[in-house]
$ cat target_28.txt   # compact mmCIF, C-alpha atoms and all ligand atoms
# COMPACT_ATOMS: atom_id res chain seq x y z
CA MET A 17 -73.12 83.95 -159.87
CA TYR A 18 -71.57 87.11 -161.31
CA SER A 19 -68.44 88.76 -159.90
CA SER A 20 -68.44 92.30 -158.57
CA LYS A 21 -66.80 93.52 -161.79
CA GLU A 22 -69.36 91.75 -163.99
CA ILE A 23 -72.25 93.16 -161.94
CA VAL A 24 -70.88 96.69 -162.35
CA GLN A 25 -70.67 96.13 -166.12
CA MET A 26 -74.16 94.59 -166.29
CA ARG A 27 -75.58 97.49 -164.32
CA LYS A 28 -74.19 99.75 -167.03
CA ASP A 29 -75.56 97.56 -169.82
CA TYR A 30 -79.02 96.79 -168.44
CA LEU A 31 -80.08 99.19 -165.67
CA MET A 32 -81.08 102.83 -165.88
CA PRO A 33 -78.06 104.97 -164.92
CA CYS A 34 -80.03 106.77 -162.17
CA LEU A 35 -79.54 103.71 -159.97
CA GLY A 36 -76.37 104.71 -158.13
CA TYR A 37 -73.99 102.71 -155.98
CA PHE A 38 -71.35 103.89 -153.55
CA TYR A 39 -68.32 101.64 -154.05
CA LYS A 40 -65.93 101.18 -156.97
CA ASN A 41 -65.95 97.43 -156.39
CA PRO A 42 -69.11 96.78 -154.38
CA PRO A 43 -69.14 93.61 -152.28
CA VAL A 44 -71.58 91.06 -153.68
CA PHE A 45 -73.97 90.15 -150.90
CA VAL A 46 -75.58 86.78 -151.18
CA LYS A 47 -77.21 86.16 -147.82
CA GLY A 48 -78.73 88.01 -144.89
CA GLU A 49 -79.33 86.55 -141.44
CA MET A 50 -80.86 88.91 -138.86
CA GLN A 51 -78.21 91.62 -138.21
CA TYR A 52 -75.58 89.97 -140.44
CA LEU A 53 -74.85 89.99 -144.15
CA TYR A 54 -72.59 87.58 -146.03
CA ASP A 55 -70.74 88.26 -149.26
CA ALA A 56 -69.94 85.80 -152.03
CA THR A 57 -66.60 84.89 -150.40
CA GLY A 58 -68.38 83.92 -147.16
CA LYS A 59 -67.23 87.04 -145.31
CA LYS A 60 -69.64 88.06 -142.53
CA TYR A 61 -70.63 91.71 -141.99
CA LEU A 62 -72.48 93.34 -139.11
CA ASP A 63 -75.04 95.44 -141.02
CA PHE A 64 -75.30 98.81 -139.30
CA PHE A 65 -77.09 100.20 -142.36
CA ALA A 66 -79.97 97.68 -142.18
CA GLY A 67 -81.15 98.02 -145.77
CA VAL A 68 -81.54 101.79 -145.71
CA SER A 69 -82.51 101.62 -142.04
CA VAL A 70 -85.57 99.57 -142.90
CA MET A 71 -84.71 96.04 -141.74
CA ASN A 72 -85.85 96.71 -138.16
CA CYS A 73 -86.51 93.05 -137.54
CA GLY A 74 -83.37 91.74 -139.21
CA HIS A 75 -82.57 90.11 -142.54
CA SER A 76 -84.65 87.04 -143.41
CA ASN A 77 -86.13 86.94 -139.92
CA PRO A 78 -87.61 83.41 -139.73
CA ASP A 79 -90.74 84.57 -137.85
CA ILE A 80 -91.58 86.95 -140.69
CA LEU A 81 -90.41 84.69 -143.54
CA ASN A 82 -92.50 81.76 -142.35
CA LYS A 83 -95.67 83.87 -142.18
CA VAL A 84 -95.02 85.44 -145.60
CA MET A 85 -94.23 82.10 -147.24
CA GLY A 86 -97.26 80.50 -145.58
CA GLN A 87 -99.52 83.20 -147.02
CA LEU A 88 -97.87 83.07 -150.47
CA SER A 89 -98.31 79.33 -150.67
CA SER A 90 -102.00 79.45 -149.71
CA LEU A 91 -103.33 82.61 -151.40
CA GLN A 92 -100.98 85.00 -153.20
CA HIS A 93 -103.12 87.77 -154.66
CA LEU A 94 -106.72 88.79 -154.98
CA THR A 95 -108.32 92.04 -155.93
CA ASN A 96 -110.12 94.08 -153.29
CA VAL A 97 -113.34 93.20 -155.09
CA TYR A 98 -113.24 90.40 -152.48
CA LEU A 99 -112.49 90.62 -148.79
CA THR A 100 -110.01 88.38 -147.00
CA SER A 101 -109.25 87.79 -143.37
CA PRO A 102 -105.51 88.81 -143.34
CA VAL A 103 -106.15 92.36 -144.56
CA VAL A 104 -108.68 93.14 -141.83
CA GLU A 105 -106.60 91.28 -139.22
CA LEU A 106 -103.56 93.41 -140.06
CA ALA A 107 -105.60 96.62 -139.97
CA LYS A 108 -107.03 95.62 -136.57
CA LYS A 109 -103.55 94.86 -135.20
CA LEU A 110 -102.28 98.17 -136.51
CA SER A 111 -105.16 100.03 -134.89
CA GLU A 112 -104.03 98.60 -131.54
CA VAL A 113 -100.64 100.36 -131.81
CA LEU A 114 -101.65 103.55 -133.64
CA PRO A 115 -101.76 106.70 -131.50
CA GLY A 116 -105.02 108.29 -130.35
CA ASP A 117 -108.15 107.69 -132.38
CA LEU A 118 -106.36 106.66 -135.59
CA HIS A 119 -107.70 103.26 -136.60
CA ASN A 120 -108.54 103.09 -140.32
CA SER A 121 -105.74 101.88 -142.61
CA PHE A 122 -105.06 101.91 -146.33
CA PHE A 123 -102.39 99.48 -147.53
CA CYS A 124 -100.09 100.17 -150.46
CA MET A 125 -96.58 99.33 -151.64
CA SER A 126 -94.12 102.03 -150.60
CA GLY A 127 -93.55 105.13 -148.53
CA SER A 128 -94.04 107.29 -151.61
CA GLU A 129 -97.44 105.74 -152.31
CA ALA A 130 -98.44 106.09 -148.67
CA ASN A 131 -97.69 109.82 -148.75
CA GLU A 132 -99.27 110.27 -152.18
CA GLY A 133 -102.40 108.56 -150.80
CA ALA A 134 -102.34 110.72 -147.67
CA MET A 135 -102.11 113.89 -149.76
CA LEU A 136 -104.92 112.72 -152.01
CA LEU A 137 -107.05 111.92 -148.95
CA ALA A 138 -106.38 115.39 -147.55
CA ARG A 139 -107.42 117.02 -150.82
CA ILE A 140 -110.60 114.95 -151.07
CA TYR A 141 -111.52 115.54 -147.42
CA THR A 142 -110.88 119.29 -147.37
CA GLY A 143 -111.70 120.12 -150.99
CA LYS A 144 -108.50 122.19 -150.95
CA ARG A 145 -105.49 121.92 -153.20
CA LYS A 146 -102.19 122.99 -151.66
CA PHE A 147 -99.74 121.74 -149.04
CA ILE A 148 -97.13 123.06 -146.64
CA ALA A 149 -93.89 121.11 -146.17
CA LEU A 150 -90.61 121.80 -144.38
CA ASN A 151 -87.20 122.72 -145.72
CA ASN A 152 -84.97 119.64 -146.14
CA SER A 153 -87.98 117.33 -146.27
CA LEU A 154 -88.13 113.98 -148.05
CA HIS A 155 -91.54 112.46 -148.78
CA GLY A 156 -91.09 110.32 -151.88
CA ARG A 157 -90.58 109.87 -155.58
CA THR A 158 -94.09 110.18 -157.03
CA TYR A 159 -95.13 113.47 -158.61
CA LEU A 160 -96.89 115.01 -155.62
CA THR A 161 -94.57 113.59 -152.95
CA MET A 162 -91.50 114.68 -154.94
CA SER A 163 -93.12 118.12 -155.15
CA ALA A 164 -93.33 118.10 -151.33
CA THR A 165 -89.66 117.05 -151.07
CA ASP A 166 -87.15 119.83 -150.60
CA ILE A 167 -83.82 117.96 -150.73
CA PRO A 168 -82.51 118.91 -154.21
CA MET A 169 -81.09 115.49 -155.17
CA TRP A 170 -84.58 113.97 -154.77
CA ARG A 171 -86.29 116.61 -156.95
CA ALA A 172 -85.45 114.95 -160.26
CA ASP A 173 -88.51 116.20 -162.16
CA PRO A 174 -87.91 119.72 -163.55
CA TYR A 175 -91.68 120.34 -163.78
CA LEU A 176 -92.85 119.72 -160.22
CA THR A 177 -96.05 121.38 -159.05
CA ASP A 178 -95.82 124.61 -157.12
CA ASP A 179 -98.83 123.63 -155.00
CA VAL A 180 -96.42 123.15 -152.09
CA TYR A 181 -95.11 125.91 -149.81
CA PHE A 182 -91.79 125.18 -148.07
CA ILE A 183 -91.19 126.79 -144.70
CA SER A 184 -88.24 126.72 -142.32
CA SER A 185 -88.23 123.86 -139.81
CA SER A 186 -86.22 125.97 -137.36
CA PRO A 187 -87.92 126.20 -133.93
CA ASP A 188 -87.25 129.96 -134.04
CA ARG A 189 -89.22 130.41 -137.24
CA ILE A 190 -91.66 127.57 -137.73
CA LEU A 191 -94.69 129.08 -135.99
CA SER A 192 -94.44 132.54 -137.55
CA ASP A 193 -93.65 131.15 -141.01
CA LEU A 194 -96.50 128.64 -140.77
CA GLU A 195 -98.98 131.25 -139.63
CA ALA A 196 -97.91 133.62 -142.41
CA VAL A 197 -98.75 131.00 -145.06
CA LEU A 198 -102.02 130.01 -143.35
CA GLU A 199 -103.06 133.68 -143.22
CA LYS A 200 -102.31 134.46 -146.85
CA ASP A 201 -103.66 131.29 -148.53
CA ASN A 202 -106.95 129.61 -147.63
CA ASP A 203 -106.52 126.83 -150.18
CA ILE A 204 -104.26 124.62 -148.01
CA ALA A 205 -105.33 120.98 -147.55
CA ALA A 206 -102.55 119.80 -145.24
CA PHE A 207 -99.21 120.33 -143.58
CA ILE A 208 -96.88 117.35 -144.09
CA CYS A 209 -93.68 116.62 -142.17
CA GLU A 210 -91.43 113.90 -140.80
CA PRO A 211 -91.64 114.07 -136.98
CA ILE A 212 -87.85 113.67 -136.89
CA GLN A 213 -86.39 114.62 -140.26
CA GLY A 214 -84.41 111.65 -141.58
CA ASN A 215 -82.39 112.39 -144.71
CA GLY A 216 -82.62 116.08 -143.79
CA GLY A 217 -80.11 115.39 -140.99
CA ILE A 218 -81.87 113.53 -138.13
CA ILE A 219 -83.41 116.74 -136.80
CA THR A 220 -85.20 116.22 -133.47
CA PRO A 221 -87.47 119.18 -132.69
CA PRO A 222 -88.06 120.49 -129.14
CA ASP A 223 -90.89 119.13 -126.94
CA TRP A 224 -93.39 121.94 -127.65
CA TYR A 225 -92.97 121.79 -131.44
CA TYR A 226 -95.87 119.62 -132.61
CA THR A 227 -98.35 120.74 -129.94
CA GLU A 228 -97.97 124.32 -131.14
CA ILE A 229 -97.99 123.39 -134.84
CA SER A 230 -101.14 121.29 -134.33
CA ARG A 231 -102.86 124.10 -132.47
CA LEU A 232 -102.21 126.49 -135.36
CA LEU A 233 -103.30 123.98 -138.01
CA LYS A 234 -106.56 123.26 -136.17
CA ARG A 235 -107.29 126.97 -135.92
CA TYR A 236 -107.06 127.25 -139.73
CA GLY A 237 -108.79 123.90 -140.49
CA VAL A 238 -105.65 122.44 -142.10
CA LEU A 239 -104.85 118.72 -141.69
CA PHE A 240 -101.62 117.37 -140.20
CA ILE A 241 -100.02 114.51 -142.17
CA CYS A 242 -97.25 112.85 -140.16
CA ASP A 243 -94.75 110.93 -142.31
CA GLU A 244 -93.46 108.09 -140.13
CA VAL A 245 -91.93 106.21 -143.08
CA GLN A 246 -88.45 106.51 -141.60
CA THR A 247 -89.32 106.88 -137.90
CA GLY A 248 -92.16 104.36 -137.49
CA PHE A 249 -92.19 100.95 -135.85
CA ALA A 250 -90.10 101.64 -132.77
CA ARG A 251 -87.07 103.22 -134.41
CA THR A 252 -87.06 106.12 -131.96
CA GLY A 253 -88.10 104.39 -128.72
CA THR A 254 -91.88 104.60 -129.05
CA MET A 255 -93.86 102.77 -131.72
CA PHE A 256 -94.18 106.05 -133.63
CA ALA A 257 -92.00 109.13 -133.12
CA ILE A 258 -94.95 111.54 -132.91
CA GLU A 259 -96.10 109.79 -129.70
CA GLN A 260 -93.15 111.40 -127.91
CA TYR A 261 -94.76 114.77 -128.62
CA ASN A 262 -98.22 113.78 -127.32
CA VAL A 263 -99.86 114.82 -130.56
CA VAL A 264 -102.24 112.76 -132.70
CA PRO A 265 -101.95 113.70 -136.39
CA ASP A 266 -104.96 113.58 -138.72
CA ILE A 267 -103.23 111.19 -141.12
CA MET A 268 -100.13 109.11 -140.48
CA THR A 269 -98.03 107.25 -143.06
CA MET A 270 -95.61 104.39 -142.53
CA SER A 271 -93.76 101.85 -144.60
C1 LIG B 301 -89.45 110.11 -144.55
C2 LIG B 301 -89.62 109.37 -145.84
N1 LIG B 301 -90.80 109.44 -146.48
C3 LIG B 301 -91.01 108.79 -147.65
C4 LIG B 301 -90.01 108.05 -148.25
C5 LIG B 301 -90.27 107.34 -149.54
O1 LIG B 301 -90.40 105.97 -149.28
P1 LIG B 301 -90.20 104.88 -150.44
O2 LIG B 301 -88.76 104.92 -150.82
O3 LIG B 301 -90.61 103.59 -149.76
O4 LIG B 301 -91.12 105.23 -151.55
C6 LIG B 301 -88.76 107.95 -147.62
C7 LIG B 301 -87.67 107.16 -148.23
O5 LIG B 301 -86.54 107.14 -147.79
C8 LIG B 301 -88.55 108.62 -146.38
O6 LIG B 301 -87.38 108.57 -145.74

$ encode --input "target_28.txt" --output "structure tokens" --more "lines below"
Ligand SMILES: Cc1ncc(COP(=O)(O)O)c(C=O)c1O
Amino acid sequence: MYSSKEIVQMRKDYLMPCLGYFYKNPPVFVKGEMQYLYDATGKKYLDFFAGVSVMNCGHSNPDILNKVMGQLSSLQHLTNVYLTSPVVELAKKLSEVLPGDLHNSFFCMSGSEANEGAMLLARIYTGKRKFIALNNSLHGRTYLTMSATDIPMWRADPYLTDDVYFISSSPDRILSDLEAVLEKDNDIAAFICEPIQGNGGIITPPDWYYTEISRLLKRYGVLFICDEVQTGFARTGTMFAIEQYNVVPDIMTMS
């Protein structure tokens, strides 16, 4: 086992420098147990950060681990040339908790891929090219999702596409700004947003927000992609945050 100092040095020697860390001498975590983490000295921490707020069900939750290990030890990987029971079972279970008439799933590996897939689906379905996103948005690290991300530190690629309009998320401006873009450009496939902006500052919009946005989008035949990557799976009190606004998006992503 390497010490904190050695790990910092090895990061420098062997990892790409873009992988940042926040502490001069980061604690070396060796074990996670539900809400607790343990460092190499045996010190126990209550983990308020939960991964990056992704370990909803705790670290190494035995219910999850046992199922995952059971699957890995019986059948690890196949191509989708074949069908298996777990993939359709999971999609069926998901359809039971998805809002409204959403019930067809596509499984991938990350939030970025989920949003990239959603944007591709919107383009294929509508035959249109562009997107509308909100100021201070974060949708991922792939080319198209980074292009739909407004937070500057996430826009690492200097040659992102300008197929994305950014509009203000402010309740005072959203409807007029959205309508202005919809009026001037009829090549918009979808509007994409996080129902409660996460890295943008935990911005919770007023009750009317998504009903009015949806109404406008429907009028112009533009799809609504709801990015629940950070808000999904009961983090905000309902299974998905958009349920609190009584709106069913056209496409929803989660991770
Ligand atoms: C709202 C939102 N969408 C998409 C992503 C990208 O997800 P991933 O890091 O799994 O690619 C993130 C990551 O933090 C996110 O917060």

$ residues_near_ligand --input "target_28.txt" --ligand "ligand LIG 301 (chain B)" --cutoff "12 Å" --atoms "all atoms listed in the file" --output "NGL selection string"
:A and (67-70 or 124-134 or 149-150 or 152-162 or 164-167 or 170 or 208-219 or 241-248 or 257 or 268-271)

$ write_last_selection --input "target_28.txt" --atoms "C-alpha atoms" --output "PDB file, in the frame of the given file"
ATOM      1  CA  GLY A  67     -81.150  98.020-145.770  1.00  0.00           C
ATOM      2  CA  VAL A  68     -81.540 101.790-145.710  1.00  0.00           C
ATOM      3  CA  SER A  69     -82.510 101.620-142.040  1.00  0.00           C
ATOM      4  CA  VAL A  70     -85.570  99.570-142.900  1.00  0.00           C
ATOM      5  CA  CYS A 124    -100.090 100.170-150.460  1.00  0.00           C
ATOM      6  CA  MET A 125     -96.580  99.330-151.640  1.00  0.00           C
ATOM      7  CA  SER A 126     -94.120 102.030-150.600  1.00  0.00           C
ATOM      8  CA  GLY A 127     -93.550 105.130-148.530  1.00  0.00           C
ATOM      9  CA  SER A 128     -94.040 107.290-151.610  1.00  0.00           C
ATOM     10  CA  GLU A 129     -97.440 105.740-152.310  1.00  0.00           C
ATOM     11  CA  ALA A 130     -98.440 106.090-148.670  1.00  0.00           C
ATOM     12  CA  ASN A 131     -97.690 109.820-148.750  1.00  0.00           C
ATOM     13  CA  GLU A 132     -99.270 110.270-152.180  1.00  0.00           C
ATOM     14  CA  GLY A 133    -102.400 108.560-150.800  1.00  0.00           C
ATOM     15  CA  ALA A 134    -102.340 110.720-147.670  1.00  0.00           C
ATOM     16  CA  ALA A 149     -93.890 121.110-146.170  1.00  0.00           C
ATOM     17  CA  LEU A 150     -90.610 121.800-144.380  1.00  0.00           C
ATOM     18  CA  ASN A 152     -84.970 119.640-146.140  1.00  0.00           C
ATOM     19  CA  SER A 153     -87.980 117.330-146.270  1.00  0.00           C
ATOM     20  CA  LEU A 154     -88.130 113.980-148.050  1.00  0.00           C
ATOM     21  CA  HIS A 155     -91.540 112.460-148.780  1.00  0.00           C
ATOM     22  CA  GLY A 156     -91.090 110.320-151.880  1.00  0.00           C
ATOM     23  CA  ARG A 157     -90.580 109.870-155.580  1.00  0.00           C
ATOM     24  CA  THR A 158     -94.090 110.180-157.030  1.00  0.00           C
ATOM     25  CA  TYR A 159     -95.130 113.470-158.610  1.00  0.00           C
ATOM     26  CA  LEU A 160     -96.890 115.010-155.620  1.00  0.00           C
ATOM     27  CA  THR A 161     -94.570 113.590-152.950  1.00  0.00           C
ATOM     28  CA  MET A 162     -91.500 114.680-154.940  1.00  0.00           C
ATOM     29  CA  ALA A 164     -93.330 118.100-151.330  1.00  0.00           C
ATOM     30  CA  THR A 165     -89.660 117.050-151.070  1.00  0.00           C
ATOM     31  CA  ASP A 166     -87.150 119.830-150.600  1.00  0.00           C
ATOM     32  CA  ILE A 167     -83.820 117.960-150.730  1.00  0.00           C
ATOM     33  CA  TRP A 170     -84.580 113.970-154.770  1.00  0.00           C
ATOM     34  CA  ILE A 208     -96.880 117.350-144.090  1.00  0.00           C
ATOM     35  CA  CYS A 209     -93.680 116.620-142.170  1.00  0.00           C
ATOM     36  CA  GLU A 210     -91.430 113.900-140.800  1.00  0.00           C
ATOM     37  CA  PRO A 211     -91.640 114.070-136.980  1.00  0.00           C
ATOM     38  CA  ILE A 212     -87.850 113.670-136.890  1.00  0.00           C
ATOM     39  CA  GLN A 213     -86.390 114.620-140.260  1.00  0.00           C
ATOM     40  CA  GLY A 214     -84.410 111.650-141.580  1.00  0.00           C
ATOM     41  CA  ASN A 215     -82.390 112.390-144.710  1.00  0.00           C
ATOM     42  CA  GLY A 216     -82.620 116.080-143.790  1.00  0.00           C
ATOM     43  CA  GLY A 217     -80.110 115.390-140.990  1.00  0.00           C
ATOM     44  CA  ILE A 218     -81.870 113.530-138.130  1.00  0.00           C
ATOM     45  CA  ILE A 219     -83.410 116.740-136.800  1.00  0.00           C
ATOM     46  CA  ILE A 241    -100.020 114.510-142.170  1.00  0.00           C
ATOM     47  CA  CYS A 242     -97.250 112.850-140.160  1.00  0.00           C
ATOM     48  CA  ASP A 243     -94.750 110.930-142.310  1.00  0.00           C
ATOM     49  CA  GLU A 244     -93.460 108.090-140.130  1.00  0.00           C
ATOM     50  CA  VAL A 245     -91.930 106.210-143.080  1.00  0.00           C
ATOM     51  CA  GLN A 246     -88.450 106.510-141.600  1.00  0.00           C
ATOM     52  CA  THR A 247     -89.320 106.880-137.900  1.00  0.00           C
ATOM     53  CA  GLY A 248     -92.160 104.360-137.490  1.00  0.00           C
ATOM     54  CA  ALA A 257     -92.000 109.130-133.120  1.00  0.00           C
ATOM     55  CA  MET A 268    -100.130 109.110-140.480  1.00  0.00           C
ATOM     56  CA  THR A 269     -98.030 107.250-143.060  1.00  0.00           C
ATOM     57  CA  MET A 270     -95.610 104.390-142.530  1.00  0.00           C
ATOM     58  CA  SER A 271     -93.760 101.850-144.600  1.00  0.00           C
TER      59      SER A 271
END

$ closest_residue --input "target_28.txt" --among "A:Pro43, A:Pro33, A:Leu91, A:Gly74" --to "Lys60 in chain A" --atoms "all atoms listed in the file"
A:Pro43

$ atom_distance --input "target_28.txt" --atom1 "CA of Phe123 in chain A" --atom2 "CA of Lys108 in chain A"
12.5 Å

$ atom_distance --input "target_28.txt" --atom1 "CA of Glu195 in chain A" --atom2 "CA of Asp173 in chain A"
29.0 Å

$ atom_distance --input "target_28.txt" --atom1 "CA of Pro115 in chain A" --atom2 "CA of Thr227 in chain A"
14.5 Å

$ axis_aligned_box --input "target_28.txt" --around "range 239-254 of chain A" --padding-each-side "4 Å" --output "lines of an AutoDock Vina configuration file"
center_x = -96.0
center_y = 109.8
center_z = -135.9
size_x = 25.8
size_y = 25.8
size_z = 22.4

$ residues_around --input "target_28.txt" --residues "Lys200 in chain A" --least-positions-apart "5" --cutoff "12 Å" --atoms "all atoms listed in the file" --output "list in words"
Tyr181, Asp193, Leu194, Glu195 and Tyr236 of chain A

$ closest_residue --input "target_28.txt" --among "A:Thr220, A:Ser163, A:Ser89, A:Asn41" --to "Glu22 in chain A" --atoms "all atoms listed in the file"
A:Asn41

$ closest_residue --input "target_28.txt" --among "A:Leu88, A:Ala138, A:Ala66, A:Val197" --to "Phe182 in chain A" --atoms "all atoms listed in the file"
A:Val197

$ closest_residue --input "target_28.txt" --among "A:Val44, A:Ile190, A:Ala172, A:Leu31" --to "Pro222 in chain A" --atoms "only C-alpha atoms"
A:Ile190

$ residues_around --input "target_28.txt" --residues "Phe207 in chain A" --least-positions-apart "2" --cutoff "8 Å" --atoms "all atoms listed in the file" --output "ChimeraX atom specification"
/A:147-149,204-205,209,233,238-241

$ closest_residue --input "target_28.txt" --among "A:Tyr225, A:Tyr37, A:Phe45, A:Phe65" --to "Leu191 in chain A" --atoms "only C-alpha atoms"
A:Tyr225

$ residues_around --input "target_28.txt" --residues "Ser76 in chain A" --least-positions-apart "2" --cutoff "9 Å" --atoms "all atoms listed in the file" --output "list in words"
Lys47, Gly48, Glu49, Met50, Cys73, Gly74, Pro78, Asp79, Ile80 and Leu81 of chain A

$ closest_residue --input "target_28.txt" --among "A:Pro265, A:Gly116, A:Gly237, A:Gly36" --to "Gly143 in chain A" --atoms "only C-alpha atoms"
A:Gly237
